[in-house]
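Source file input23.txt; content: compact mmCIF, C-alpha atoms.
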# COMPACT_ATOMS: atom_id res chain seq x y z
CA MET A 1 -2.35 13.70 -28.80
CA ILE A 2 -5.48 15.26 -27.34
CA PRO A 3 -5.06 18.99 -26.60
CA GLU A 4 -5.19 20.20 -23.01
CA ASP A 5 -8.21 22.39 -23.72
CA SER A 6 -10.37 19.38 -24.64
CA PRO A 7 -13.90 19.76 -23.25
CA GLN A 8 -14.07 18.59 -19.66
CA GLY A 9 -17.55 17.22 -20.23
CA ASP A 10 -16.54 14.78 -22.98
CA LEU A 11 -17.49 11.45 -21.41
CA SER A 12 -15.71 9.37 -24.06
CA LEU A 13 -12.41 11.03 -23.16
CA ARG A 14 -13.08 10.51 -19.47
CA PHE A 15 -13.86 6.82 -19.93
CA ARG A 16 -10.77 6.37 -22.09
CA ALA A 17 -8.72 8.02 -19.36
CA GLU A 18 -10.25 5.67 -16.79
CA ARG A 19 -9.33 2.59 -18.85
CA ARG A 20 -5.74 3.71 -19.33
CA ALA A 21 -5.41 4.66 -15.68
CA ILE A 22 -6.55 1.15 -14.75
CA ALA A 23 -4.04 -0.41 -17.17
CA SER A 24 -1.31 1.78 -15.68
CA SER A 25 -2.30 0.74 -12.18
CA CYS A 26 -2.27 -2.96 -13.11
CA CYS A 27 1.31 -2.74 -14.39
CA GLY A 28 2.52 -0.57 -11.54
CA PHE A 29 0.96 -2.42 -8.65
CA THR A 30 2.16 -5.82 -9.89
CA GLY A 31 5.73 -4.55 -9.69
CA GLU A 32 5.10 -2.78 -6.39
CA ALA A 33 3.54 -5.83 -4.76
CA VAL A 34 6.62 -7.96 -5.42
CA LEU A 35 8.97 -5.38 -3.91
CA THR A 36 6.82 -4.02 -1.09
CA GLU A 37 3.98 -6.39 -0.14
CA SER A 38 4.93 -10.01 -0.80
CA ALA A 39 6.94 -12.84 0.66
CA VAL A 40 9.17 -12.73 -2.45
CA ILE A 41 11.17 -9.70 -1.29
CA MET A 42 11.36 -11.06 2.27
CA LEU A 43 12.75 -14.40 1.03
CA TYR A 44 15.12 -12.59 -1.32
CA ALA A 45 16.45 -10.36 1.47
CA GLY A 46 16.89 -13.42 3.70
CA MET A 47 18.96 -15.20 1.04
CA LEU A 48 21.20 -12.16 0.78
CA GLY A 49 21.87 -12.33 4.53
CA ALA A 50 19.23 -10.04 6.07
CA GLY A 51 17.89 -10.95 9.52
CA GLU A 52 14.24 -11.20 10.54
CA ALA A 53 13.94 -7.54 11.50
CA LEU A 54 15.47 -6.38 8.22
CA LYS A 55 13.22 -8.74 6.25
CA LEU A 56 10.18 -7.10 7.83
CA LEU A 57 11.65 -3.65 7.20
CA THR A 58 11.77 -4.38 3.46
CA THR A 59 7.96 -4.13 3.51
CA ALA A 60 8.09 -0.90 5.55
CA VAL A 61 10.49 1.20 3.46
CA PHE A 62 7.91 2.46 0.95
CA PRO A 63 5.04 3.45 3.28
CA PHE A 64 7.39 4.94 5.88
CA LEU A 65 9.38 7.11 3.44
CA SER A 66 6.20 7.92 1.53
CA GLY A 67 4.71 9.36 4.69
CA LEU A 68 7.77 11.50 5.28
CA LEU A 69 8.25 12.65 1.69
CA MET A 70 4.68 13.03 0.40
CA ILE A 71 4.41 16.75 1.18
CA PRO A 72 7.89 17.68 -0.19
CA MET A 73 7.06 15.70 -3.34
CA ALA A 74 3.77 17.61 -3.62
CA PHE A 75 5.82 20.83 -3.80
CA LEU A 76 7.65 19.38 -6.82
CA ALA A 77 4.33 18.43 -8.42
CA LEU A 78 3.14 22.03 -7.99
CA ARG A 79 6.22 23.31 -9.85
CA GLY A 80 5.58 21.07 -12.86
CA THR A 81 2.65 18.88 -13.80
CA CYS A 82 1.25 15.78 -12.14
CA ARG A 83 1.60 13.82 -15.40
CA ARG A 84 5.31 14.62 -15.68
CA MET A 85 5.83 13.88 -11.99
CA THR A 86 4.20 10.45 -12.15
CA VAL A 87 6.04 9.37 -15.32
CA SER A 88 9.46 10.52 -14.06
CA ALA A 89 8.93 8.89 -10.67
CA THR A 90 7.87 5.60 -12.30
CA LEU A 91 10.94 5.44 -14.52
CA THR A 92 13.24 6.14 -11.57
CA ALA A 93 11.51 3.48 -9.47
CA GLY A 94 11.84 1.00 -12.33
CA GLY A 95 15.59 1.61 -12.42
CA ALA A 96 15.76 0.99 -8.67
CA ALA A 97 13.88 -2.31 -9.11
CA PHE A 98 16.49 -3.51 -11.60
CA LEU A 99 19.21 -2.42 -9.17
CA ALA A 100 17.61 -4.72 -6.58
CA VAL A 101 17.96 -7.58 -9.07
CA LEU A 102 21.71 -6.90 -9.31
CA ALA A 103 22.24 -6.76 -5.52
CA PRO A 104 23.66 -10.34 -5.26
CA PHE A 105 26.58 -9.29 -7.48
CA CYS A 106 27.72 -6.67 -4.93
CA GLY A 107 29.64 -9.11 -2.76
CA ASN A 108 29.79 -8.15 0.91
CA PHE A 109 27.64 -5.09 0.17
CA ARG A 110 24.72 -7.05 -1.27
CA VAL A 111 22.37 -6.34 1.65
CA ALA A 112 23.36 -2.67 1.55
CA ALA A 113 22.79 -2.59 -2.22
CA LEU A 114 19.32 -4.12 -1.81
CA SER A 115 18.50 -1.66 0.97
CA PHE A 116 19.67 1.26 -1.18
CA ALA A 117 17.58 0.04 -4.12
CA LEU A 118 14.48 -0.27 -1.94
CA VAL A 119 15.02 3.23 -0.53
CA VAL A 120 15.32 4.74 -4.03
CA PHE A 121 12.24 2.74 -5.10
CA ALA A 122 10.31 4.08 -2.11
CA VAL A 123 11.39 7.69 -2.61
CA SER A 124 10.39 7.52 -6.28
CA LEU A 125 7.02 5.98 -5.46
CA SER A 126 6.41 8.81 -3.00
CA GLY A 127 6.69 11.22 -5.90
CA PHE A 128 4.34 9.05 -7.94
CA VAL A 129 1.65 8.98 -5.23
CA ALA A 130 1.92 12.76 -4.73
CA GLY A 131 0.93 13.28 -8.36
CA TRP A 132 -1.35 10.27 -8.96
CA PHE A 133 -4.53 11.28 -7.10
CA PRO A 134 -4.49 14.90 -8.35
CA LEU A 135 -4.00 13.47 -11.87
CA LEU A 136 -7.04 11.20 -11.40
CA ASP A 137 -9.04 14.18 -10.18
CA THR A 138 -8.58 15.93 -13.53
CA PHE A 139 -10.89 13.46 -15.31
CA LEU A 140 -12.76 11.56 -12.59
CA LEU A 141 -16.38 12.64 -12.08
CA PRO A 142 -17.49 12.93 -8.41
CA GLU A 143 -20.24 10.32 -8.79
CA ARG A 144 -17.76 7.78 -10.22
CA ARG A 145 -15.06 8.06 -7.55
CA THR A 146 -15.96 5.03 -5.45
CA VAL A 147 -16.85 2.89 -8.48
CA PHE A 148 -13.64 3.76 -10.30
CA LEU A 149 -11.35 3.38 -7.28
CA GLY A 150 -12.88 0.00 -6.47
CA ARG A 151 -12.62 -1.20 -10.07
CA MET A 152 -9.06 0.06 -10.50
CA ARG A 153 -7.86 -1.55 -7.29
CA PHE A 154 -9.69 -4.78 -8.03
CA CYS A 155 -7.98 -5.01 -11.41
CA HIS A 156 -4.50 -4.23 -10.13
CA GLN A 157 -4.95 -6.56 -7.17
CA SER A 158 -6.06 -9.35 -9.54
CA CYS A 159 -2.93 -8.90 -11.64
CA ALA A 160 -0.69 -8.95 -8.56
CA VAL A 161 -2.39 -12.04 -7.11
CA LEU A 162 -2.14 -13.91 -10.43
CA PHE A 163 1.53 -12.97 -10.73
CA LEU A 164 2.33 -14.11 -7.17
CA VAL A 165 0.40 -17.37 -7.49
CA LEU A 166 2.22 -18.22 -10.72
CA ALA A 167 5.52 -17.23 -9.12
CA GLY A 168 4.80 -19.42 -6.09
CA CYS A 169 4.01 -22.40 -8.31
CA ARG A 170 7.13 -21.82 -10.40
CA LEU A 171 9.50 -21.31 -7.47
CA GLY A 172 8.56 -24.43 -5.51
CA SER A 173 9.24 -25.08 -1.83
CA GLU A 174 12.98 -24.25 -1.97
CA PRO A 175 13.58 -21.49 -4.54
CA THR A 176 17.11 -20.54 -5.53
CA LEU A 177 18.49 -17.03 -5.47
CA GLY A 178 18.52 -16.96 -9.27
CA GLN A 179 14.84 -17.89 -9.45
CA LEU A 180 13.91 -15.08 -7.07
CA GLN A 181 16.02 -12.68 -9.15
CA SER A 182 14.14 -13.69 -12.29
CA VAL A 183 10.77 -13.07 -10.60
CA ILE A 184 11.84 -9.60 -9.43
CA ALA A 185 13.30 -8.77 -12.88
CA LEU A 186 10.06 -9.76 -14.61
CA ALA A 187 8.05 -7.69 -12.11
CA ALA A 188 10.32 -4.69 -12.81
CA MET A 189 9.69 -4.96 -16.56
CA ILE A 190 5.93 -5.12 -16.00
CA PHE A 191 6.19 -2.15 -13.63
CA LEU A 192 7.52 0.12 -16.40
CA GLY A 193 4.19 -0.29 -18.21
CA ARG A 194 2.80 2.19 -15.69
CA ALA A 195 4.80 5.04 -17.25
CA LEU A 196 3.66 4.07 -20.76
CA PHE A 197 -0.05 4.13 -19.95
CA ILE A 198 0.21 7.39 -17.98
CA ALA A 199 1.90 8.99 -20.99
CA LEU A 200 -1.04 7.78 -23.13
CA LEU A 201 -3.70 9.32 -20.86
CA PRO A 202 -5.90 11.93 -22.59
CA ARG A 203 -4.91 15.39 -21.44
CA PHE A 204 -7.20 17.37 -19.17
CA ARG A 205 -6.54 20.67 -17.46
CA GLU A 206 -4.66 20.28 -14.21
CA GLU A 207 -5.76 22.50 -11.33
CA LYS A 208 -3.55 25.49 -10.63
CA PRO A 209 -2.88 26.42 -6.99
CA ALA A 210 -4.97 29.32 -5.68
CA GLY A 211 -1.98 31.59 -5.05
CA LEU A 212 -0.99 29.76 -1.87
CA GLY A 213 2.64 29.51 -0.79
CA ARG A 214 4.15 26.29 0.49
CA HIS A 215 3.39 26.87 4.16
CA ASP A 216 0.01 28.44 3.41
CA GLY A 217 -0.98 25.35 1.43
CA ILE A 218 -0.11 23.02 4.30
CA GLN A 219 -1.84 25.21 6.89
CA THR A 220 -4.97 25.50 4.75
CA ALA A 221 -5.10 21.73 4.36
CA TRP A 222 -4.53 21.18 8.10
CA ARG A 223 -7.34 23.59 9.03
CA ASN A 224 -9.77 21.45 7.01
CA ARG A 225 -11.30 19.55 9.97
CA ARG A 226 -12.91 16.80 7.90
CA LEU A 227 -9.70 16.15 5.98
CA ARG A 228 -7.57 16.23 9.14
CA ASP A 229 -9.84 13.90 11.12
CA GLY A 230 -10.14 11.45 8.23
CA ALA A 231 -6.38 11.37 7.74
CA GLY A 232 -5.78 10.93 11.48
CA TYR A 233 -8.20 8.02 11.67
CA LEU A 234 -6.62 6.34 8.64
CA ALA A 235 -3.14 6.80 10.14
CA GLY A 236 -4.23 5.08 13.36
CA LEU A 237 -5.94 2.26 11.48
CA ASN A 238 -2.89 1.68 9.29
CA LEU A 239 -0.65 1.71 12.35
CA ALA A 240 -2.73 -1.07 13.86
CA ALA A 241 -3.47 -3.20 10.80
CA CYS A 242 -0.92 -2.81 8.02
CA GLY A 243 1.87 -4.75 9.73
CA ILE A 244 -0.29 -7.82 10.38
CA THR A 245 0.29 -9.73 7.12
CA PRO A 246 4.11 -9.40 6.81
CA LEU A 247 4.50 -10.00 10.56
CA TRP A 248 2.39 -13.16 10.44
CA ILE A 249 4.20 -14.44 7.35
CA LEU A 250 7.47 -14.19 9.30
CA TYR A 251 5.85 -16.05 12.19
CA LEU A 252 4.61 -18.80 9.87
CA GLN A 253 8.07 -19.10 8.34
CA LYS A 254 9.58 -19.49 11.79
CA SER A 255 6.93 -22.15 12.53
CA GLY A 256 8.12 -24.28 9.61
CA GLN A 257 5.87 -23.36 6.68
CA PRO A 258 7.70 -23.87 3.32
CA ASP A 259 8.58 -20.87 1.16
CA ASN A 260 6.10 -21.56 -1.65
CA VAL A 261 3.28 -21.84 0.92
CA LEU A 262 4.29 -18.45 2.34
CA ILE A 263 4.08 -16.90 -1.13
CA CYS A 264 0.62 -18.43 -1.62
CA ILE A 265 -0.49 -17.10 1.80
CA SER A 266 0.65 -13.60 0.82
CA ALA A 267 -1.33 -14.09 -2.41
CA ALA A 268 -4.37 -15.10 -0.30
CA ALA A 269 -4.04 -11.85 1.64
CA LEU A 270 -3.92 -9.93 -1.63
CA SER A 271 -6.96 -11.91 -2.81
CA GLY A 272 -8.91 -10.60 0.18
CA MET A 273 -8.04 -7.08 -0.92
CA MET A 274 -9.06 -7.97 -4.47
CA LEU A 275 -12.50 -9.08 -3.30
CA GLY A 276 -12.85 -5.94 -1.19
CA TYR A 277 -12.13 -3.75 -4.20
CA LEU A 278 -14.59 -5.75 -6.32
CA VAL A 279 -17.36 -5.18 -3.78
CA ALA A 280 -16.50 -1.48 -3.51
CA GLY A 281 -16.62 -1.08 -7.29
CA LYS A 282 -19.87 -2.97 -7.80
CA TYR A 283 -21.82 -1.46 -4.94
CA PRO A 284 -20.95 2.20 -4.45
CA VAL A 285 -21.26 3.14 -0.81
CA LYS A 286 -22.90 6.50 -0.16
CA ASP A 287 -22.42 6.46 3.59
CA HIS A 288 -18.63 6.11 3.72
CA ILE A 289 -18.37 6.74 7.46
CA ARG A 290 -20.96 4.12 8.47
CA MET A 291 -19.33 1.47 6.26
CA MET A 292 -15.89 2.24 7.69
CA GLY A 293 -17.24 1.73 11.21
CA ILE A 294 -18.74 -1.68 10.37
CA LEU A 295 -15.52 -2.80 8.67
CA HIS A 296 -13.48 -1.62 11.64
CA TRP A 297 -15.42 -3.98 13.92
CA ALA A 298 -14.91 -6.87 11.49
CA LEU A 299 -11.18 -6.16 11.26
CA LEU A 300 -10.88 -6.09 15.04
CA ILE A 301 -12.58 -9.50 15.38
CA LEU A 302 -10.51 -11.13 12.63
CA THR A 303 -7.26 -9.81 14.05
CA ALA A 304 -8.15 -11.20 17.46
CA VAL A 305 -8.90 -14.61 15.87
CA LEU A 306 -5.31 -14.79 14.57
CA LEU A 307 -4.10 -14.97 18.17
CA VAL A 308 -5.65 -18.41 18.70
CA LEU A 309 -4.86 -20.01 15.32
CA PRO A 310 -2.23 -22.77 14.95
CA THR A 311 0.84 -21.95 12.85
CA ALA A 312 2.23 -25.35 11.75
CA GLY A 313 0.82 -27.76 9.19
CA SER A 314 -1.35 -27.49 6.09
CA LEU A 315 -4.54 -26.75 8.04
CA ALA A 316 -2.81 -23.83 9.77
CA ALA A 317 -1.73 -22.46 6.38
CA VAL A 318 -5.31 -22.57 5.08
CA LEU A 319 -6.77 -21.00 8.22
CA CYS A 320 -4.15 -18.25 8.42
CA GLY A 321 -4.50 -17.50 4.70
CA THR A 322 -8.28 -17.24 5.09
CA VAL A 323 -8.15 -14.93 8.11
CA LEU A 324 -5.42 -12.74 6.58
CA GLY A 325 -7.56 -12.54 3.45
CA GLY A 326 -10.51 -11.41 5.59
CA CYS A 327 -8.38 -8.73 7.26
CA SER A 328 -7.20 -7.54 3.85
CA PHE A 329 -10.83 -7.47 2.62
CA CYS A 330 -11.74 -5.05 5.40
CA ILE A 331 -8.65 -2.90 4.87
CA ALA A 332 -9.37 -2.69 1.13
CA LEU A 333 -12.95 -1.51 1.58
CA ILE A 334 -11.89 1.02 4.21
CA SER A 335 -9.16 2.35 1.91
CA VAL A 336 -11.62 2.84 -0.99
CA ASN A 337 -14.03 4.75 1.23
CA ALA A 338 -11.17 6.78 2.72
CA SER A 339 -9.84 7.69 -0.75
CA ALA A 340 -13.32 8.68 -1.92
CA LEU A 341 -13.65 10.81 1.21
CA MET A 342 -10.27 12.43 0.50
CA LEU A 343 -11.28 13.36 -3.06
CA ALA A 344 -14.58 14.76 -1.77
CA VAL A 345 -13.20 16.96 1.02
CA ALA A 346 -10.01 18.23 -0.68
CA PRO A 347 -10.77 21.93 -1.35
CA PRO A 348 -10.49 23.43 -4.85
CA GLY A 349 -7.32 25.46 -5.31
CA ASN A 350 -5.35 23.40 -2.80
CA LYS A 351 -6.09 19.81 -3.80
CA ILE A 352 -2.50 18.69 -4.34
CA MET A 353 -1.39 19.75 -0.86
CA ALA A 354 -4.60 18.47 0.78
CA MET A 355 -4.23 15.05 -0.83
CA ALA A 356 -0.52 15.01 0.03
CA LEU A 357 -1.32 15.66 3.70
CA PHE A 358 -3.95 12.92 3.72
CA GLY A 359 -1.59 10.45 2.06
CA ALA A 360 1.36 11.43 4.25
CA LEU A 361 -0.50 10.69 7.48
CA GLY A 362 -1.98 7.44 6.18
CA ASN A 363 1.33 6.12 4.86
CA THR A 364 3.18 7.19 7.99
CA GLY A 365 0.86 4.97 9.99
CA MET A 366 1.46 2.07 7.60
CA GLY A 367 5.24 2.45 7.66
CA ALA A 368 5.37 2.93 11.42
CA SER A 369 3.34 -0.26 11.87
CA ARG A 370 5.97 -2.36 10.13
CA CYS A 371 8.96 -0.47 11.55
CA LEU A 372 7.70 -0.91 15.12
CA GLY A 373 7.13 -4.60 14.44
CA ALA A 374 10.70 -4.95 13.21
CA LEU A 375 12.05 -3.11 16.28
CA LEU A 376 10.07 -5.34 18.64
CA ILE A 377 11.26 -8.52 16.91
CA HIS A 378 14.88 -7.36 17.31
CA SER A 379 14.49 -6.08 20.89
CA PRO A 380 15.67 -7.68 24.16
CA LEU A 381 11.98 -8.18 24.99
CA ALA A 382 11.74 -10.80 22.22
CA LEU A 383 14.41 -12.96 23.87
CA ARG A 384 12.81 -12.62 27.30
CA LEU A 385 9.42 -13.68 25.99
CA GLU A 386 10.95 -16.67 24.22
CA GLN A 387 12.68 -17.73 27.44
CA GLY A 388 9.54 -17.19 29.52
CA GLY A 389 7.42 -19.38 27.25
CA PHE A 390 4.15 -17.50 27.91
CA CYS A 391 3.96 -15.98 24.43
CA ASN A 392 6.34 -14.85 21.70
CA ILE A 393 7.05 -11.41 20.30
CA PHE A 394 4.84 -12.03 17.24
CA GLN A 395 1.82 -12.75 19.41
CA LEU A 396 2.54 -9.74 21.61
CA THR A 397 2.78 -7.44 18.59
CA LEU A 398 -0.52 -8.77 17.27
CA LEU A 399 -2.10 -8.23 20.68
CA LEU A 400 -0.94 -4.60 20.59
CA ALA A 401 -2.62 -4.23 17.18
CA VAL A 402 -5.87 -5.60 18.62
CA LEU A 403 -5.70 -3.14 21.52
CA LEU A 404 -5.03 -0.19 19.20
CA LEU A 405 -7.99 -1.15 16.99
CA ALA A 406 -10.15 -1.28 20.11
CA VAL A 407 -8.94 2.16 21.22
CA LEU A 408 -9.73 3.62 17.80
CA LEU A 409 -13.34 2.55 18.26
CA LEU A 410 -13.58 5.11 21.08
CA PHE A 411 -13.20 7.83 18.43
CA ARG A 412 -16.17 6.72 16.33
CA GLY A 413 -18.03 9.92 17.20
CA ARG A 414 -15.15 11.95 15.78
CA LEU A 415 -15.16 9.74 12.71
CA ARG A 416 -18.87 10.37 12.12
CA ARG A 417 -18.23 14.12 12.06
CA ILE A 418 -15.94 13.72 9.06
CA GLY A 419 -18.96 13.18 6.84
CA GLY A 420 -20.77 16.20 8.23

Would you mind writing the file's structure down as structure tokens?
Amino acid sequence: MIPEDSPQGDLSLRFRAERRAIASSCCGFTGEAVLTESAVIMLYAGMLGAGEALKLLTTAVFPFLSGLLMIPMAFLALRGTCRRMTVSATLTAGGAAFLAVLAPFCGNFRVAALSFALVVFAVSLSGFVAGWFPLLDTFLLPERRTVFLGRMRFCHQSCAVLFLVLAGCRLGSEPTLGQLQSVIALAAMIFLGRALFIALLPRFREEKPAGLGRHDGIQTAWRNRRLRDGAGYLAGLNLAACGITPLWILYLQKSGQPDNVLICISAAALSGMMLGYLVAGKYPVKDHIRMMGILHWALLILTAVLLVLPTAGSLAAVLCGTVLGGCSFCIALISVNASALMLAVAPPGNKIMAMALFGALGNTGMGASRCLGALLIHSPLALRLEQGGFCNIFQLTLLLAVLLLAVLLLFRGRLRRIGG
């Protein structure tokens, strides 16, 4: 074990910490992706008896609860250490993932058991995220933030994509409930590797709060204009964009695409993110705000293209997978720049609360995006649109996302001031 008073300038320790943090992220995100971002959990919930709205909500539980709980979890991190917080949260989330595997054995309560497991998983992950970025900040040099974040996310995205592609090939076009259970169980076992590699991280001094109480810490973070504006922009962007992939996968399923194709399309979307993280890691971007503006335009155009794409047949699957991958590419690059911005503007002495506020707003936007989509799908408006024949609720929801992205462009001047 490396003592906590190890020299902060020891580059070999820092690079070792980076490698183990990446290994931890690869294990953790592979498990997360199966339970929060893929068609696997949506198909699994459907087999247990969940409707379309509930299937979409399975992808919304983590970001929505994370947004609500990030700040309370940051209080817990302040009372202990970020290392202890992340390890404990990971072990609890791993237990919840195995509970999800056992949901089919709960009889008439199987949907409720799955929902409970996903809620516990999401609450635990909220605690993990509250401690993860402050933990990274203990060893990450300022000039390596963008490079490291891009490399880490590229690696964990690669692992998740490989896992989902292999799962899609193994499951076939009509997977059984037992096959889906085995995929989720394997993902849960891989997920626990996150706790192991965090425990093996070299120890660096964790920042102590600058004598701020709970409310003072939140108020100090909120008064940071650059942090507040950046978090608000990210929340709006996530609200518009983060429900697109799960919503469109549901639409493709309703249009007759087989289950294994849906899993491969979700893997294509993750591949777009993987490429985005690779670009971010290889070419560090100094002007974060300018890059985010360019990517916003690209995301707006790609989202609008989805509105005119066909949804049935093999060509439709390829086109939709390509466009969803492009959207994910833009979202990935924006997220790397936003995270680098967060680490740069979080003030010393209050970093845990500042990062918690930034993450809370961003994740609230992501969760709200998927929750609103689920509510619209299950609303009386959906039936009226289907009877009218002009468009369906999926197309209308996507149109609303396009409009919100366009509205956010009006605040580009405010976005530019974040970097000032």

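Here CA of Phe121 (chain A) and CA of Ala97 (chain A) stand 6.7 Å from one another.
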
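With all atoms listed in the file as the basis for measurement, A:Ala346 is the residue among A:Leu398, A:Ala267, A:Ala96, A:Ala346 that approaches Asn224 (chain A) most closely.
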
As lines of an AutoDock Vina configuration file, please report the centre and edge lengths, rounded to one decimal in Å, of the axis-aligned box that holds all listed atoms of region 364-382 of chain A with 3 Å of padding on each of the six sides.
center_x = 8.3
center_y = -1.8
center_z = 16.3
size_x = 20.8
size_y = 24.0
size_z = 23.4

Long-range neighbours of Val111 (chain A) as a list in words, 8 Å cut-off, only C-alpha atoms, 2 positions minimum in chain: Ala45, Leu48, Gly49, Ala50, Ala103, Asn108, Phe109, Ala113, Leu114 and Ser115 of chain A

Limited to C-alpha atoms, could you put the picked residues into a file as a compact mmCIF listing (two decimals), in the frame of the given file?
# COMPACT_ATOMS: atom_id res chain seq x y z
CA ALA A 45 16.45 -10.36 1.47
CA LEU A 48 21.20 -12.16 0.78
CA GLY A 49 21.87 -12.33 4.53
CA ALA A 50 19.23 -10.04 6.07
CA ALA A 103 22.24 -6.76 -5.52
CA ASN A 108 29.79 -8.15 0.91
CA PHE A 109 27.64 -5.09 0.17
CA ALA A 113 22.79 -2.59 -2.22
CA LEU A 114 19.32 -4.12 -1.81
CA SER A 115 18.50 -1.66 0.97

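Straight-line separation from CA of Leu333 (chain A) to CA of Ala280 (chain A): 6.2 Å.
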
Residues within 12 Å of Leu125 (chain A), please, as a ChimeraX atom specification. Count only C-alpha atoms; anything in the same chain fewer than 5 positions from it doesn't count. /A:28-29,31-32,35-36,61-67,69-70,73,85-97,118-120,130-132,191,194,363

Test item: residues at most 8 Å from Gly230 (chain A), only C-alpha atoms, excluding those fewer than 3 positions along its chain, as JSON, numbers by chain: {"A": [226, 227, 233, 234, 338, 341, 342, 358, 415, 418]}

With C-alpha atoms retained, could you export that selection as an mmCIF file, in the frame of the given file?
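Result file is out01.cif:
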data_model
loop_
_atom_site.group_PDB
_atom_site.id
_atom_site.type_symbol
_atom_site.label_atom_id
_atom_site.label_comp_id
_atom_site.auth_asym_id
_atom_site.auth_seq_id
_atom_site.Cartn_x
_atom_site.Cartn_y
_atom_site.Cartn_z
ATOM 1 C CA ARG A 226 -12.910 16.800 7.900
ATOM 2 C CA LEU A 227 -9.700 16.150 5.980
ATOM 3 C CA TYR A 233 -8.200 8.020 11.670
ATOM 4 C CA LEU A 234 -6.620 6.340 8.640
ATOM 5 C CA ALA A 338 -11.170 6.780 2.720
ATOM 6 C CA LEU A 341 -13.650 10.810 1.210
ATOM 7 C CA MET A 342 -10.270 12.430 0.500
ATOM 8 C CA PHE A 358 -3.950 12.920 3.720
ATOM 9 C CA LEU A 415 -15.160 9.740 12.710
ATOM 10 C CA ILE A 418 -15.940 13.720 9.060
#

Need the neighbours of (1.7, -9.8, -7.6): which residues are at most 10 Å away, counting all atoms listed in the file, as a PDB file with C-alpha atoms, in the frame of the given file?
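Done, and the output landed in result_11.pdb:
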ATOM      1  CA  CYS A  26      -2.270  -2.960 -13.110  1.00  0.00           C
ATOM      2  CA  CYS A  27       1.310  -2.740 -14.390  1.00  0.00           C
ATOM      3  CA  PHE A  29       0.960  -2.420  -8.650  1.00  0.00           C
ATOM      4  CA  THR A  30       2.160  -5.820  -9.890  1.00  0.00           C
ATOM      5  CA  GLY A  31       5.730  -4.550  -9.690  1.00  0.00           C
ATOM      6  CA  GLU A  32       5.100  -2.780  -6.390  1.00  0.00           C
ATOM      7  CA  ALA A  33       3.540  -5.830  -4.760  1.00  0.00           C
ATOM      8  CA  VAL A  34       6.620  -7.960  -5.420  1.00  0.00           C
ATOM      9  CA  LEU A  35       8.970  -5.380  -3.910  1.00  0.00           C
ATOM     10  CA  GLU A  37       3.980  -6.390  -0.140  1.00  0.00           C
ATOM     11  CA  SER A  38       4.930 -10.010  -0.800  1.00  0.00           C
ATOM     12  CA  VAL A  40       9.170 -12.730  -2.450  1.00  0.00           C
ATOM     13  CA  HIS A 156      -4.500  -4.230 -10.130  1.00  0.00           C
ATOM     14  CA  GLN A 157      -4.950  -6.560  -7.170  1.00  0.00           C
ATOM     15  CA  SER A 158      -6.060  -9.350  -9.540  1.00  0.00           C
ATOM     16  CA  CYS A 159      -2.930  -8.900 -11.640  1.00  0.00           C
ATOM     17  CA  ALA A 160      -0.690  -8.950  -8.560  1.00  0.00           C
ATOM     18  CA  VAL A 161      -2.390 -12.040  -7.110  1.00  0.00           C
ATOM     19  CA  LEU A 162      -2.140 -13.910 -10.430  1.00  0.00           C
ATOM     20  CA  PHE A 163       1.530 -12.970 -10.730  1.00  0.00           C
ATOM     21  CA  LEU A 164       2.330 -14.110  -7.170  1.00  0.00           C
ATOM     22  CA  VAL A 165       0.400 -17.370  -7.490  1.00  0.00           C
ATOM     23  CA  LEU A 166       2.220 -18.220 -10.720  1.00  0.00           C
ATOM     24  CA  ALA A 167       5.520 -17.230  -9.120  1.00  0.00           C
ATOM     25  CA  ALA A 187       8.050  -7.690 -12.110  1.00  0.00           C
ATOM     26  CA  ILE A 263       4.080 -16.900  -1.130  1.00  0.00           C
ATOM     27  CA  SER A 266       0.650 -13.600   0.820  1.00  0.00           C
ATOM     28  CA  ALA A 267      -1.330 -14.090  -2.410  1.00  0.00           C
ATOM     29  CA  LEU A 270      -3.920  -9.930  -1.630  1.00  0.00           C
TER      30      LEU A 270
END

A:Met274, A:Ala77, A:Ile244, A:Ile249: which is nearest Met152 (chain A), counting only C-alpha atoms? A:Met274

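Contact shell of Lys351 (chain A) at 10 Å (only C-alpha atoms; same-chain neighbours under 2 positions omitted): Phe133, Pro134, Asp137, Glu207, Lys208, Pro209, Ala210, Gly217, Ala221, Met342, Leu343, Val345, Ala346, Pro347, Pro348, Gly349, Met353, Ala354, Met355, Ala356 and Leu357 of chain A.
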
I need the chosen residues saved as a JSON list (two decimals), in the frame of the given file, with C-alpha atoms.
[["chain", "number", "residue", "atom", "x", "y", "z"],
["A", 133, "PHE", "CA", -4.53, 11.28, -7.10],
["A", 134, "PRO", "CA", -4.49, 14.90, -8.35],
["A", 137, "ASP", "CA", -9.04, 14.18, -10.18],
["A", 207, "GLU", "CA", -5.76, 22.50, -11.33],
["A", 208, "LYS", "CA", -3.55, 25.49, -10.63],
["A", 209, "PRO", "CA", -2.88, 26.42, -6.99],
["A", 210, "ALA", "CA", -4.97, 29.32, -5.68],
["A", 217, "GLY", "CA", -0.98, 25.35, 1.43],
["A", 221, "ALA", "CA", -5.10, 21.73, 4.36],
["A", 342, "MET", "CA", -10.27, 12.43, 0.50],
["A", 343, "LEU", "CA", -11.28, 13.36, -3.06],
["A", 345, "VAL", "CA", -13.20, 16.96, 1.02],
["A", 346, "ALA", "CA", -10.01, 18.23, -0.68],
["A", 347, "PRO", "CA", -10.77, 21.93, -1.35],
["A", 348, "PRO", "CA", -10.49, 23.43, -4.85],
["A", 349, "GLY", "CA", -7.32, 25.46, -5.31],
["A", 353, "MET", "CA", -1.39, 19.75, -0.86],
["A", 354, "ALA", "CA", -4.60, 18.47, 0.78],
["A", 355, "MET", "CA", -4.23, 15.05, -0.83],
["A", 356, "ALA", "CA", -0.52, 15.01, 0.03],
["A", 357, "LEU", "CA", -1.32, 15.66, 3.70]]
